[in-house]
Amino acid sequence: MNRSRYVPLVIILAMLVWLGFLFYKSQSIDSELHTETVSSIQNLKRYDALLNQDTLEVRYQSQLNMDAISRHTNQTLKLLLSMHDIFTHDGISTGEYIVATEKLFKEKFRMIEQFKSHNGVLRNSLRYLPRAVDQLVSEGDQQVSDDVSELMEMILVYNLSPDPAMKSKIHLFIGQLSSATGGEMAASANNIIMHAKVVIREHDIVSVLMHRLLKLPTDQAIAEMYDEYDRVYKLAINNAGTYRIFLFLFAIVLFFYVVFLFRKQGQTAKELKQSIRDLEFQKYALDQHAIVAITDKRGEITYANPKFLEISQFSEQELVGANHNIVNAHHHPKTFFQEMWRTIGHGKVWHGEVLNRAKNGALYWVDTTIVPFLDDMGKPFQYIAIRTDITAQKQTQEALKKEHEMIERILSAISSILIGVGVDGKVNLWNKAAEKVFAINQEDAIGRNFTSLDMNWDWGAVDRGIVESRNIGEAKLEHFKFLRIDGTDGFMGASVASIYEQGKCAGFLLLAADITQKFHIANQLQLAQKMEAVGELAAGVAHEVNTPLQYVGDNIRFLRDSFEDVQKLLGEYRALKCHCAEQELLPGMIEKLNCAEEESDVDYLFEEIPVAIAQSLDGVGKASSIVSAMKSFSHPGEEKVMSDINMMIENTITVSRHEWKYVAEVNAELDKTLPQIECLPEINQVFLNMIVNAAHAIEDKLNHSDEEKGLITIRTSHSDSHIQIDITDTGKGIPADMQFKVFDPFFTTKEVGKGTGQGLSISHNIIVDKSGGTLQLSSEVGRGTTFTISIPIRQPGQKEKT
Amino acid sequence: MLYLVREYWAVLIMMFAFFYAPQQILATELDSDVAKVRSEFIQPITFPTDLDLRKVELGHKLFHDVRLSSDQTISCASCHDLNSGGVDGIPKSFGVGGVEGDANSPTVFNSGLNYSQFWDGRAATLEEQVNGPINNPKEMASSWPQVISRLKPVPDYISKFKALYDDGITAANVRDAIATFERSLNTVNAPFDQFLRGDNGAISEEEAKGYDLFKSYGCVACHQGQSVGGNMFQKFGVMGNYFSDRGAMNRADLGRFNVSGDELDRHVFKVPSLRLAVLTAPYFHDGSAKTLHDAIDVMAKYQLGRHISDEDVKLIIKFLHTLVGNYQGKRLGE
């Protein structure tokens with residue numbers, strides 16, 4: 001609201017009030033009232049004169065009745081009452097004058113009243129006297145008649161010209177008359193005398209009353225009242241004249257102001273016209289761009305521009321006068337529109353995106369701005385809705401949204417960890433897999449500094465990867481260690497890719513996966529391959545070594561046998577020599593022979609050679625057995641073969657000898673009746689692992705005590721269905737809280753580098769998973785551990801051999 | 001541009017209004033003389049021409065409405081019966097609860113012609129007179145608030161008052177209506193009035209003689225004018241002491257003294273109209289004169305100071321009969 005718009009109005013209003021005041025002041029002489037006042041004063045004057053006149057007329061019988069005087073009295077009284085109101089009104093100083101006048105008139109009325117009464121009595125007696133005298137005269141007695149006649153004449157004369165002398169004369173005469181009369185005539189005469197007295201008395205009273213009545217200064221009071229009123233009136237006239245001049249001057253000022261306003265208005269009108277043109281141009285421009293509708297405060301359309309008609313497909317006649325909900329698509333909840341009405345109803349601009357329905361049912365989205373037009377009270381009286389068709393935009397948005405949702409779904413579905421980090425180091429992508437693996441919610445991760453996140457992984461490796469990716473765009477981290485949420489160690493494989501946006505590095509994307517399982521499998525595979533290679537090599541070597549061993553053995557045995565023959569021969573030679581010596585035959589020769597005997601220490605040779613041969617044979621035998629064990633141990637193959645467990649155990653003990661021989665004795669209590677079973681050759685590894693572990697456990701214990709050697713006991717036994725192998729050591733034992741973990745891959749209690757932590761895991765795999773057996777352990781810290789392997793004699797699915 | 005034109009108009013009208021002072025023509029109404037009739041002590045009764053007949057009708061209704069009295073038993077008409085000369089025919093009227101009043105009820109007929117109201121003239125106008133009986137404990141014993149509260153619920157009054165008065169049912173308006181009605185109670189065209197207007201045959205010789213006697217005995221000194229009285233006060237007992245002769249004086253007997261406190265007004269009463277004298281026995285303020293004859297006798301003795309023969313009295317009474325006029329076209333008492 002433009003306040004300055006009201007300024008001229010306020011000025012004009014103030015001027016009008018001032019004008020009204022001046023006008024009132026200039027008109028403060030109420031001409032009607034003035035006329036009434038003046039005429040009432042004149043009337044009062046007239047009535048005063050009339051009353052005087054009436055009194056005189058009544059007195060002198062010009063008026064025969066009191067009607068006129070009574071009427072005039074009443075009228076004067078009424079006039080005075082009305083005048084009282086006029087003269088005491090408006091605080092005019094004539095109030096006291098009317099009061100004085102009223103007082104005088106009241107006195108006059110009273111006198112008139114008394115005058116009327118006394119005049120009546122006087123008139124009665126005057127009228128009666130001649131009649132009474134006539135009657136008396138007709139009745140006789142000349143003297144009395146003459147007397148009363150004379151009295152009557154005197155009375156009548158007195159009545160006409162009252163004279164004190166006459167009055168005393170009458171009194172004197174009455175005195176004489178009343179004493180003279182008597183008898184028959186006395187009553188009549190006395191009656192006449194009484195009336196005569198009444199006439200004298202009443203005449204005087206009436207005369208005095210009339211005199212005083214006429215002398216009452218009522219006319220003077222009226223004149224004074226009039227003068228006062230006139231003075232006040234003239235003063236008021238003067239004032240009014242002054243105000244009138246002011247009024248005139250002020251009217252001129254007002255006139256000029258109004259002229260000024262009109263000129264200004266003319267100018268304003270011109271400007272208005274210009275701005276209307278501008279507005280029309282703007283409206284034209286708006287109509288070209290936007291869908292425009294104007295509704296009244298109830299939502300009835302009063303204007304719809306061509307674009308609105310075009311998009312809604314309604315005609316102008318259909319739209320104008322209809323409620324705007326004609327295009328409502330009923331897509332939005334009721335509260336949506338309630339909220340809109342509340343907003344614009346409060347005179348606020350509403351902005352929103354609305355889905356509307358065209359006449360043919362086609363839906364279209366419009367970006368809507370509704371502006372309420374407010375009246376002077378600040379209440380909206382119409383609304384203008386400006387809309388832009390955003391259907392295409394909306395559809396794109398929708399598609400984009402769908403796509404986005406799909407990506408979201410993919411991201412959350414993939415098992416790999418996906419972490420996006422912006423150039424500022426803040427995490428901007430954190431998928432479900434990451435949540436699961438690191439136990440950090442997306443909400444907690446997004447927006448936080450990547451390096452500040454609590455991830456128990458090999459930060460060194462990750463940092464290297466990031467740096468590398470920054471340099472060459474991408475980095476692969478084959479595997480690095482991390483702590484899984486269950487507290488176990490795990491391996492993670494990752495790739496870090498730098499993200500480029502418009503040629504600039506915009507962070508990196510880290511794609512990682514928990515590859516512990518995979519890593520484990522790969523390890524196993526590698527080990528198996530290694531084992532296989534070693535096995536093959538060992539088998540080859542064993543085979544190659546076996547052949548020389550064979551003929552070395554044979555030759556040694558030949559040498560042994562030959563030497564025995566040579567010994568026998570030499571014995572014969574010695575016996576010959578002795579015989580010759582006894583016989584002293586060929587002493588020289590014998591001598592020479594003894595020297596040679598001494599030289600070659602034949603006795604020693606005879607003593608030692610068999611021993612050497614025996615030892616050689618033993619050595620060859622041992623070598624053969626090792627080669628043979630190696631041959632069988634390293635026998636590779638995935639297929640199960642009938643095996644003698646006892647033999648396998650013996651072989652294993654032999655092969656692993658170097659692992660245990662310094663720390664323990666091995667006591668094999670083998671069940672001679674143990675049946676052969678079909679099993680994987682790999683089972684050797686299990687026994688090997690067990691023995692090696694046992695040796696390690698004993699070695700650990702020996703390091704901490706002064707015992708010389710421990711004991712490893714391997715016992716085999718069997719039931720109808722299973723064979724059982726117990727491997728007991730006297731090592732340090734496994735604490736109870738770790739016993740359940742020992743079969744986990746990579747679990748190790750050994751020093752770094754001493755074990756892979758895979759031994760028991762692989763054993764477990766072979767016995768339980770591959771052979772359908774069980775692998776159990778019982779252990780006591782400080783006392784030792786017993787692993788119990790149980791393998792079914794008949795493998796599942798294998799028919800019993802008859 | 002239209003609104004600009006409109007505003008030019010406004011300015012023109014404004015300026016015109018400021019400088020134009022309407023000229024008022026002064027009119028003063030003066031009372032006109034009565035029609036030419038015989039120059040006599042007594043004048044014919046005229047009927048007022050300025051009465052609002054609706055007010056007369058409303059006044060008539062109010063005049064007969066018992067709501068005006070405290071116990072709703074008495075209306076104005078109870079003591080001023082229009083069917084019996086405007087009086088109740090008993091020496092002193094009875095108010096609510098059968099209480100006897102102080103004075104004889106004067107007739108309501110021609111009361112508009114009276115110079116003042118009540119025997120002692122304590123009310124200057126008929127309007128003022130209405131206050132008397134309403135508030136008098138020996139008459140209606142009510143009050144204006146009570147009367148108004150009783151009239152207000154009556155639908156007929158509501159509409160009638162609304163039509164006649166801006167402020168509806170008020171004491172002043174009730175008084176106005178009743179007074180207006182009473183002003184309509186003028187008895188016109190009496191035989192004597194016809195005589196006064198020049199019809200010599202309107203009254204008989206005897207009646208004319210009665211009038212002569214009425215004049216010559218001096219009655220006419222007080223009983224004159226249209227109402228044959230009612231336009232002045234006179235002392236009761238000019239030629240003798242009526243009250244000491246009668247005895248048993250009460251306050252009402254003091255007459256106008258009760259109003260003015262002036263010793264000169266002791267026993268002064270309004271001279272009653274004789275227009276309906278033949279219909280309004282008993283007579284005087286105390287209702288002591290049972291017949292007209294008695295009244296004339298008393299008057300002759302105490303007011304005129306003489307004796308009037310029976311023969312003359314009868315003639316005067318005959319004359320008094322000619323004074324009775326018509327009300328609503330019908331001669332009263334017939």
# chains A, B, ... in the order shown; residues from 1 in each chain; ligands from 1

$ select_by_dssp --residues "segment 623-695 of chain A" --states "alpha helix (DSSP H)" --output "PyMOL selection string"
chain A and resi 623-633+645-655+657-660+683-695

$ interface_residues --of "chain B" --to "chain A" --cutoff "7 Å" --atoms "only C-alpha atoms" --output "short mmCIF file (atom, residue, chain, number, x, y, z; two decimals) with C-alpha atoms, in the first residue's frame"
data_model
loop_
_atom_site.label_atom_id
_atom_site.label_comp_id
_atom_site.auth_asym_id
_atom_site.auth_seq_id
_atom_site.Cartn_x
_atom_site.Cartn_y
_atom_site.Cartn_z
CA LEU B 26 -40.91 34.96 8.01
CA GLU B 40 -73.21 39.45 24.05
CA PHE B 41 -71.65 38.33 27.32
CA ILE B 42 -71.92 34.80 26.09
CA TYR B 115 -58.75 29.21 31.44
CA SER B 216 -79.76 41.46 35.17
CA TYR B 217 -79.20 39.49 38.36
CA GLY B 218 -75.49 39.87 37.70
CA ALA B 221 -70.57 39.20 35.73
CA CYS B 222 -68.72 35.92 36.24
CA GLN B 224 -69.70 34.77 30.65
CA GLY B 225 -67.75 33.89 27.54
CA ASN B 231 -62.34 31.85 32.33
CA MET B 232 -61.81 33.50 35.73
CA PHE B 233 -61.64 32.96 39.45
CA GLN B 234 -63.98 34.25 42.05
CA LEU B 304 -74.90 38.29 44.34
#

$ atom_distance --atom1 "atom CA of Ile294 of chain A" --atom2 "atom CA of Gln382 of chain A"
7.0 Å

$ closest_residue --among "B:Ala179, B:Lys301, B:Glu127, B:Lys55" --to "Asp245 of chain B" --atoms "only C-alpha atoms"
B:Lys301

$ atom_distance --atom1 "atom CA of Lys334 of chain A" --atom2 "atom CA of Gln393 of chain A"
24.4 Å

$ select_by_dssp --residues "segment 231-288 of chain B" --states "strand (DSSP E)" --output "MDAnalysis selection string"
chainID B and resid 233:235 268:270

$ residues_around --residues "Ser309 of chain B" --least-positions-apart "6" --cutoff "12 Å" --atoms "only C-alpha atoms" --output "ChimeraX atom specification"
/B:213,217,293,296-297,300-301,315-316

$ closest_residue --among "B:Gly121, B:Gly240, B:Pro272, B:Gly305" --to "Val228 of chain B" --atoms "only C-alpha atoms"
B:Pro272

$ residues_around --residues "Arg67 of chain B" --least-positions-apart "3" --cutoff "7 Å" --atoms "only C-alpha atoms" --output "PDB file with C-alpha atoms, in the first residue's frame"
ATOM      1  CA  GLN B  72     -56.810  -1.182  37.011  1.00  0.00           C
ATOM      2  CA  VAL B 147     -48.811   3.554  33.630  1.00  0.00           C
ATOM      3  CA  ARG B 150     -48.641  -1.192  31.540  1.00  0.00           C
TER       4      ARG B 150
END

$ atom_distance --atom1 "atom CA of Tyr47 of chain A" --atom2 "atom CA of Lys108 of chain A"
11.8 Å

$ residues_around --residues "Asn250 of chain B" --least-positions-apart "4" --cutoff "12 Å" --atoms "only C-alpha atoms" --output "list in words"
Gly101, Asp102, Ala103, Phe243, Ser244, Arg246, Leu254, Gly255, Asn258, His267, His285 and Asp286 of chain B

$ write_last_selection --atoms "N, CA and C atoms" --output "tab-separated table (two decimals), in the first residue's frame"
chain	number	residue	atom	x	y	z
B	101	GLY	N	-63.05	11.14	47.07
B	101	GLY	CA	-62.17	12.26	46.74
B	101	GLY	C	-62.51	13.52	47.52
B	102	ASP	N	-61.74	14.60	47.22
B	102	ASP	CA	-61.91	15.84	47.96
B	102	ASP	C	-62.92	16.78	47.33
B	103	ALA	N	-63.11	16.61	46.02
B	103	ALA	CA	-63.96	17.61	45.35
B	103	ALA	C	-64.89	16.95	44.36
B	243	PHE	N	-68.81	29.34	53.87
B	243	PHE	CA	-68.20	28.20	54.56
B	243	PHE	C	-68.56	28.15	56.04
B	244	SER	N	-68.62	29.30	56.69
B	244	SER	CA	-69.02	29.27	58.10
B	244	SER	C	-70.48	28.88	58.22
B	246	ARG	N	-71.96	26.83	56.10
B	246	ARG	CA	-72.04	25.40	55.77
B	246	ARG	C	-71.39	24.55	56.85
B	254	LEU	N	-60.31	25.60	50.81
B	254	LEU	CA	-59.44	26.78	50.76
B	254	LEU	C	-59.27	27.29	49.34
B	255	GLY	N	-59.55	26.40	48.39
B	255	GLY	CA	-59.54	26.82	46.98
B	255	GLY	C	-58.16	27.21	46.50
B	258	ASN	N	-54.64	27.13	48.20
B	258	ASN	CA	-53.78	25.95	48.17
B	258	ASN	C	-52.71	26.04	47.08
B	267	HIS	N	-60.58	30.67	49.67
B	267	HIS	CA	-61.92	30.35	49.18
B	267	HIS	C	-62.18	30.85	47.76
B	285	HIS	N	-67.89	22.92	44.26
B	285	HIS	CA	-66.72	22.07	44.44
B	285	HIS	C	-66.96	20.99	45.48
B	286	ASP	N	-67.91	21.27	46.40
B	286	ASP	CA	-68.18	20.29	47.45
B	286	ASP	C	-69.41	19.44	47.14
